[in-house]
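Asker: Sending over data32.cif (mmCIF, C-alpha atoms).
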data_start
#
loop_
_atom_site.group_PDB
_atom_site.id
_atom_site.type_symbol
_atom_site.label_atom_id
_atom_site.label_comp_id
_atom_site.auth_asym_id
_atom_site.auth_seq_id
_atom_site.Cartn_x
_atom_site.Cartn_y
_atom_site.Cartn_z
ATOM 1 C CA MET A 1 -68.721 35.096 43.210
ATOM 2 C CA LYS A 2 -70.780 31.931 42.882
ATOM 3 C CA LEU A 3 -70.636 28.673 44.792
ATOM 4 C CA TYR A 4 -72.301 25.430 43.800
ATOM 5 C CA ALA A 5 -73.417 23.335 46.730
ATOM 6 C CA LYS A 6 -75.139 20.034 47.454
ATOM 7 C CA THR A 7 -76.585 21.320 50.715
ATOM 8 C CA ILE A 8 -76.890 24.729 52.344
ATOM 9 C CA ALA A 9 -77.782 26.038 55.795
ATOM 10 C CA GLN A 10 -81.397 26.986 56.561
ATOM 11 C CA THR A 11 -80.395 30.634 56.775
ATOM 12 C CA LEU A 12 -77.616 32.336 54.883
ATOM 13 C CA PRO A 13 -76.046 35.698 55.659
ATOM 14 C CA ASP A 14 -77.529 38.700 53.856
ATOM 15 C CA TRP A 15 -74.531 38.757 51.485
ATOM 16 C CA ALA A 16 -75.305 35.214 50.225
ATOM 17 C CA THR A 17 -78.313 34.456 48.030
ATOM 18 C CA VAL A 18 -79.577 31.217 46.495
ATOM 19 C CA VAL A 19 -79.871 31.972 42.768
ATOM 20 C CA THR A 20 -81.082 28.608 41.501
ATOM 21 C CA LYS A 21 -82.093 25.390 43.179
ATOM 22 C CA SER A 22 -82.480 21.971 41.622
ATOM 23 C CA ALA A 23 -82.897 18.536 43.148
ATOM 24 C CA ASP A 24 -79.153 18.061 43.620
ATOM 25 C CA LEU A 25 -77.543 21.501 43.311
ATOM 26 C CA PHE A 26 -77.813 24.978 44.810
ATOM 27 C CA GLU A 27 -76.237 27.951 43.064
ATOM 28 C CA VAL A 28 -75.296 30.519 45.715
ATOM 29 C CA GLU A 29 -74.219 34.024 44.771
ATOM 30 C CA ILE A 30 -71.890 35.788 47.198
ATOM 31 C CA ASN A 31 -71.650 39.583 47.322
ATOM 32 C CA ASP A 32 -67.884 39.599 47.820
ATOM 33 C CA GLU A 33 -67.878 43.396 48.182
ATOM 34 C CA HIS A 34 -70.064 43.269 51.320
ATOM 35 C CA PRO A 35 -68.159 44.402 54.457
ATOM 36 C CA ASP A 36 -69.398 41.432 56.512
ATOM 37 C CA PHE A 37 -68.091 39.015 53.895
ATOM 38 C CA GLN A 38 -64.750 40.840 53.808
ATOM 39 C CA SER A 39 -64.572 40.591 57.618
ATOM 40 C CA LEU A 40 -65.221 36.858 57.423
ATOM 41 C CA LEU A 41 -62.440 36.455 54.859
ATOM 42 C CA GLU A 42 -60.028 38.340 57.111
ATOM 43 C CA GLU A 43 -61.034 36.148 60.041
ATOM 44 C CA LEU A 44 -60.533 32.912 58.059
ATOM 45 C CA GLU A 45 -57.312 33.925 56.288
ATOM 46 C CA THR A 46 -54.440 31.528 56.910
ATOM 47 C CA GLU A 47 -51.101 30.689 55.364
ATOM 48 C CA ILE A 48 -52.087 28.133 52.738
ATOM 49 C CA GLU A 49 -48.496 27.378 51.795
ATOM 50 C CA PRO A 50 -45.282 29.156 52.772
ATOM 51 C CA GLY A 51 -45.626 32.803 51.766
ATOM 52 C CA THR A 52 -49.150 32.421 50.351
ATOM 53 C CA PHE A 53 -52.070 33.657 52.410
ATOM 54 C CA GLY A 54 -55.722 33.114 51.590
ATOM 55 C CA VAL A 55 -58.911 31.412 52.621
ATOM 56 C CA LYS A 56 -59.483 27.709 52.126
ATOM 57 C CA SER A 57 -62.816 27.031 50.446
ATOM 58 C CA GLU A 58 -63.533 24.236 52.922
ATOM 59 C CA ASP A 59 -63.179 26.710 55.826
ATOM 60 C CA LEU A 60 -65.517 29.209 54.165
ATOM 61 C CA CYS A 61 -68.082 26.528 53.320
ATOM 62 C CA SER A 62 -67.916 25.081 56.819
ATOM 63 C CA ARG A 63 -68.621 28.513 58.300
ATOM 64 C CA LEU A 64 -71.563 29.009 55.927
ATOM 65 C CA GLY A 65 -72.982 25.529 56.505
ATOM 66 C CA ILE A 66 -72.506 24.629 52.852
ATOM 67 C CA GLU A 67 -71.474 21.265 51.454
ATOM 68 C CA MET A 68 -69.750 21.899 48.148
ATOM 69 C CA SER A 69 -70.774 20.064 45.040
ATOM 70 C CA ASN A 70 -68.049 17.990 43.433
ATOM 71 C CA PRO A 71 -69.252 17.528 39.854
ATOM 72 C CA HIS A 72 -67.829 14.871 37.576
ATOM 73 C CA LEU A 73 -64.880 15.969 35.472
ATOM 74 C CA GLN A 74 -66.940 15.368 32.323
ATOM 75 C CA GLN A 75 -69.491 17.960 33.518
ATOM 76 C CA LEU A 76 -66.750 20.477 34.262
ATOM 77 C CA VAL A 77 -65.224 20.001 30.812
ATOM 78 C CA GLU A 78 -68.603 20.557 29.168
ATOM 79 C CA GLN A 79 -69.174 23.706 31.247
ATOM 80 C CA ALA A 80 -65.715 24.999 30.353
ATOM 81 C CA GLN A 81 -66.347 24.382 26.649
ATOM 82 C CA ASN A 82 -69.604 26.320 26.866
ATOM 83 C CA LEU A 83 -67.913 29.215 28.648
ATOM 84 C CA ILE A 84 -65.087 29.343 26.126
ATOM 85 C CA ALA A 85 -67.615 29.437 23.292
ATOM 86 C CA LEU A 86 -69.359 32.365 25.010
ATOM 87 C CA ILE A 87 -66.040 34.165 25.366
ATOM 88 C CA ALA A 88 -65.185 33.587 21.700
ATOM 89 C CA TRP A 89 -68.410 35.265 20.602
ATOM 90 C CA HIS A 90 -68.442 38.020 23.209
ATOM 91 C CA PRO A 91 -68.295 41.533 21.681
ATOM 92 C CA ASP A 92 -65.605 42.677 24.145
ATOM 93 C CA TYR A 93 -63.381 39.760 23.159
ATOM 94 C CA LYS A 94 -63.936 40.444 19.466
ATOM 95 C CA GLN A 95 -63.051 44.084 20.049
ATOM 96 C CA LEU A 96 -59.799 43.097 21.741
ATOM 97 C CA LEU A 97 -58.905 40.981 18.712
ATOM 98 C CA GLU A 98 -59.713 43.868 16.369
ATOM 99 C CA GLU A 99 -57.449 46.122 18.449
ATOM 100 C CA GLY A 100 -54.543 43.729 17.953
ATOM 101 C CA TYR A 101 -54.777 41.366 20.912
ATOM 102 C CA GLN A 102 -52.620 38.367 19.979
ATOM 103 C CA PRO A 103 -52.069 35.946 22.866
ATOM 104 C CA ASP A 104 -49.532 33.128 22.568
ATOM 105 C CA LEU A 105 -52.398 30.702 23.098
ATOM 106 C CA ASN A 106 -55.880 31.488 21.866
ATOM 107 C CA ILE A 107 -59.470 30.368 22.321
ATOM 108 C CA ALA A 108 -59.054 27.620 19.731
ATOM 109 C CA ASP A 109 -56.091 26.214 21.691
ATOM 110 C CA ALA A 110 -58.220 26.076 24.846
ATOM 111 C CA GLN A 111 -61.064 24.401 22.954
ATOM 112 C CA THR A 112 -58.652 21.841 21.510
ATOM 113 C CA ALA A 113 -57.192 21.052 24.944
ATOM 114 C CA LEU A 114 -60.666 20.482 26.353
ATOM 115 C CA THR A 115 -61.637 18.312 23.377
ATOM 116 C CA TYR A 116 -58.572 16.123 23.948
ATOM 117 C CA LEU A 117 -59.443 15.846 27.629
ATOM 118 C CA GLN A 118 -63.022 14.908 26.772
ATOM 119 C CA TRP A 119 -61.824 12.223 24.333
ATOM 120 C CA GLU A 120 -59.541 10.789 27.025
ATOM 121 C CA LEU A 121 -62.378 10.714 29.536
ATOM 122 C CA GLU A 122 -64.647 8.924 27.059
ATOM 123 C CA ARG A 123 -61.900 6.451 26.175
ATOM 124 C CA ASN A 124 -61.397 5.597 29.867
ATOM 125 C CA ARG A 125 -65.087 5.023 30.626
#
As structure tokens, please, write out the structure in this file.

Answerer:
Amino acid sequence: MKLYAKTIAQTLPDWATVVTKSADLFEVEINDEHPDFQSLLEELETEIEPGTFGVKSEDLCSRLGIEMSNPHLQQLVEQAQNLIALIAWHPDYKQLLEEGYQPDLNIADAQTALTYLQWELERNR
């Protein structure tokens, strides 16, 4: 699992590693299989809404001394478009299609939705 943060604590647990660092963003990789991380999740688990239990990201980040990055929606849309393009060309995805995978909505539908969102964002600038 990866987190993107504006600030991080001086020391991170051994199951958290800074992968990249730029002037305004840290990419932190979490080994979510590590027993200490699993223990932390169990400790932080709460009822998020009636019948749904989980860990709030703000609680996890607070415990780790991380301030989460809140990128602009435009940046998120661009990242999503890039990821969808990678999925579309991934050999495993192509193999699924060759084996008959036919979802109700496909990669092109997702790309179109993101394009419409991007147009709306540009129109409202």

Asker: For atom CA of A:Leu121 and atom CA of A:Leu76, determine how far apart the two atoms are, in Å to one decimal place.

Answerer: 11.7 Å

Asker: Could you tell me how far atom CA of A:Val55 lies from atom CA of A:Glu33, in Å and to one decimal?

Answerer: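 Going from atom CA of A:Val55 over to atom CA of A:Glu33 covers 15.6 Å.
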
Asker: With the file shown as input, list the residues that the PyMOL selection byres ((chain A and resi 56-60) around 10) selects, as a PyMOL selection string.

Answerer: chain A and resi 3+40-41+44-48+53-55+61-68

Asker: Mind pulling up the distance from atom CA of A:Tyr4 to atom CA of A:Lys21?

Answerer: 9.8 Å

Asker: What lies within 12 Å of A:Asn31 using all atoms listed in the file, ignoring chain neighbours under 2 positions off, as JSON, numbers by chain?

Answerer: {"A": [1, 2, 3, 13, 14, 15, 16, 17, 18, 28, 29, 33, 34, 35, 36, 37, 38]}

Asker: Find, counting all atoms listed in the file, the residue in A:Tyr93, A:Leu25, A:Thr112, A:Leu12 that gets nearest to A:Ala80.

Answerer: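 Nearest to A:Ala80: A:Thr112.
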
Asker: Just say which residues the PyMOL selection byres ((chain A and resi 111) around 10) picks in this file, as a PDB file with C-alpha atoms, in the frame of the given file.

Answerer:
ATOM      1  CA  VAL A  77     -65.224  20.001  30.812  1.00  0.00           C
ATOM      2  CA  ALA A  80     -65.715  24.999  30.353  1.00  0.00           C
ATOM      3  CA  GLN A  81     -66.347  24.382  26.649  1.00  0.00           C
ATOM      4  CA  ASN A  82     -69.604  26.320  26.866  1.00  0.00           C
ATOM      5  CA  ILE A  84     -65.087  29.343  26.126  1.00  0.00           C
ATOM      6  CA  ALA A  85     -67.615  29.437  23.292  1.00  0.00           C
ATOM      7  CA  ASN A 106     -55.880  31.488  21.866  1.00  0.00           C
ATOM      8  CA  ILE A 107     -59.470  30.368  22.321  1.00  0.00           C
ATOM      9  CA  ALA A 108     -59.054  27.620  19.731  1.00  0.00           C
ATOM     10  CA  ASP A 109     -56.091  26.214  21.691  1.00  0.00           C
ATOM     11  CA  ALA A 110     -58.220  26.076  24.846  1.00  0.00           C
ATOM     12  CA  THR A 112     -58.652  21.841  21.510  1.00  0.00           C
ATOM     13  CA  ALA A 113     -57.192  21.052  24.944  1.00  0.00           C
ATOM     14  CA  LEU A 114     -60.666  20.482  26.353  1.00  0.00           C
ATOM     15  CA  THR A 115     -61.637  18.312  23.377  1.00  0.00           C
ATOM     16  CA  TYR A 116     -58.572  16.123  23.948  1.00  0.00           C
ATOM     17  CA  LEU A 117     -59.443  15.846  27.629  1.00  0.00           C
TER      18      LEU A 117
END

Asker: From the set A:Glu43, A:Glu78, A:Asp24, A:Glu49, which residue has the shortest atom-to-atom contact distance to A:Trp119, counting only C-alpha atoms?

Answerer: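 Among the listed residues, the smallest separation from A:Trp119 belongs to A:Glu78.
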
Asker: Looking at all atoms listed in the file, which of A:Phe26, A:Lys94, A:Ala9, A:Leu73 is the one that sits closest to A:Glu120?

Answerer: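 Of A:Phe26, A:Lys94, A:Ala9, A:Leu73, the one nearest A:Glu120, counting all atoms listed in the file, is A:Leu73.
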
Asker: Using all atoms listed in the file, which of the listed residues (A:Arg123, A:Glu27, A:Ser22, A:Ser39) sits closest to A:Ala5?

Answerer: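 Closest residue, counting all atoms listed in the file: A:Glu27.
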
Asker: Using C-alpha atoms, give me stretch 12-115 of chain A from the structure I just pasted, as a short mmCIF file (atom, residue, chain, number, x, y, z; two decimals), in the first residue's frame.

Answerer:
data_model
loop_
_atom_site.label_atom_id
_atom_site.label_comp_id
_atom_site.auth_asym_id
_atom_site.auth_seq_id
_atom_site.Cartn_x
_atom_site.Cartn_y
_atom_site.Cartn_z
CA LEU A 12 8.96 5.66 10.52
CA PRO A 13 8.27 2.11 11.67
CA ASP A 14 10.25 -0.63 9.92
CA TRP A 15 7.16 -1.56 7.87
CA ALA A 16 6.99 1.95 6.31
CA THR A 17 9.55 3.17 3.79
CA VAL A 18 9.91 6.47 1.93
CA VAL A 19 10.06 5.48 -1.75
CA THR A 20 10.35 8.91 -3.35
CA LYS A 21 10.73 12.41 -1.99
CA SER A 22 10.19 15.68 -3.79
CA ALA A 23 9.93 19.24 -2.54
CA ASP A 24 6.23 18.90 -1.73
CA LEU A 25 5.44 15.18 -1.65
CA PHE A 26 6.62 11.99 0.03
CA GLU A 27 5.63 8.60 -1.35
CA VAL A 28 5.53 6.12 1.54
CA GLU A 29 5.21 2.40 0.93
CA ILE A 30 3.56 0.37 3.69
CA ASN A 31 4.21 -3.35 4.08
CA ASP A 32 0.61 -4.17 4.95
CA GLU A 33 1.50 -7.83 5.55
CA HIS A 34 3.85 -6.95 8.44
CA PRO A 35 2.53 -8.21 11.82
CA ASP A 36 3.22 -4.87 13.55
CA PHE A 37 1.18 -3.04 10.92
CA GLN A 38 -1.65 -5.56 11.29
CA SER A 39 -1.56 -5.04 15.07
CA LEU A 40 -1.81 -1.28 14.58
CA LEU A 41 -4.81 -1.73 12.28
CA GLU A 42 -6.53 -3.91 14.88
CA GLU A 43 -5.82 -1.31 17.55
CA LEU A 44 -7.21 1.56 15.42
CA GLU A 45 -10.25 -0.30 14.05
CA THR A 46 -13.53 1.44 14.80
CA GLU A 47 -17.09 1.38 13.55
CA ILE A 48 -16.94 3.86 10.68
CA GLU A 49 -20.67 3.71 10.06
CA PRO A 50 -23.30 1.35 11.46
CA GLY A 51 -22.21 -2.20 10.66
CA THR A 52 -19.00 -1.16 8.88
CA PHE A 53 -15.71 -1.54 10.71
CA GLY A 54 -12.37 -0.26 9.50
CA VAL A 55 -9.58 2.19 10.09
CA LYS A 56 -9.92 5.87 9.31
CA SER A 57 -6.98 7.13 7.26
CA GLU A 58 -6.72 10.21 9.47
CA ASP A 59 -6.26 7.98 12.55
CA LEU A 60 -3.55 5.93 10.82
CA CYS A 61 -1.75 9.04 9.56
CA SER A 62 -1.96 10.70 12.95
CA ARG A 63 -0.36 7.65 14.57
CA LEU A 64 2.41 7.63 11.95
CA GLY A 65 3.03 11.37 12.16
CA ILE A 66 2.06 11.83 8.53
CA GLU A 67 0.17 14.75 7.03
CA MET A 68 -1.63 13.46 3.96
CA SER A 69 -1.32 15.21 0.65
CA ASN A 70 -4.57 16.48 -0.80
CA PRO A 71 -3.80 16.89 -4.51
CA HIS A 72 -5.98 18.96 -6.80
CA LEU A 73 -8.77 17.06 -8.52
CA GLN A 74 -7.17 17.83 -11.89
CA GLN A 75 -4.00 15.99 -10.80
CA LEU A 76 -6.02 13.00 -9.62
CA VAL A 77 -7.89 12.82 -12.92
CA GLU A 78 -4.62 12.90 -14.86
CA GLN A 79 -3.17 10.14 -12.65
CA ALA A 80 -6.30 8.04 -13.11
CA GLN A 81 -6.14 8.47 -16.89
CA ASN A 82 -2.52 7.33 -16.88
CA LEU A 83 -3.34 4.29 -14.75
CA ILE A 84 -6.26 3.32 -16.97
CA ALA A 85 -4.03 3.56 -20.03
CA LEU A 86 -1.52 1.25 -18.31
CA ILE A 87 -4.29 -1.21 -17.51
CA ALA A 88 -5.56 -1.15 -21.10
CA TRP A 89 -2.14 -2.16 -22.41
CA HIS A 90 -1.26 -4.60 -19.64
CA PRO A 91 -0.72 -8.18 -20.92
CA ASP A 92 -2.86 -9.68 -18.13
CA TYR A 93 -5.77 -7.43 -19.08
CA LYS A 94 -5.38 -8.28 -22.75
CA GLN A 95 -5.35 -11.96 -21.85
CA LEU A 96 -8.59 -11.59 -19.91
CA LEU A 97 -10.20 -9.99 -22.96
CA GLU A 98 -8.94 -12.81 -25.19
CA GLU A 99 -10.45 -15.33 -22.75
CA GLY A 100 -13.86 -13.69 -23.11
CA TYR A 101 -13.93 -11.10 -20.34
CA GLN A 102 -16.79 -8.74 -21.25
CA PRO A 103 -17.64 -6.27 -18.48
CA ASP A 104 -20.77 -4.12 -18.70
CA LEU A 105 -18.51 -1.08 -18.62
CA ASN A 106 -15.05 -1.18 -20.14
CA ILE A 107 -11.79 0.75 -20.12
CA ALA A 108 -13.04 3.11 -22.82
CA ASP A 109 -16.07 3.98 -20.67
CA ALA A 110 -13.78 4.86 -17.76
CA GLN A 111 -11.57 6.96 -20.03
CA THR A 112 -14.61 8.78 -21.39
CA ALA A 113 -15.92 9.51 -17.88
CA LEU A 114 -12.57 10.96 -16.87
CA THR A 115 -12.38 13.03 -20.06
#
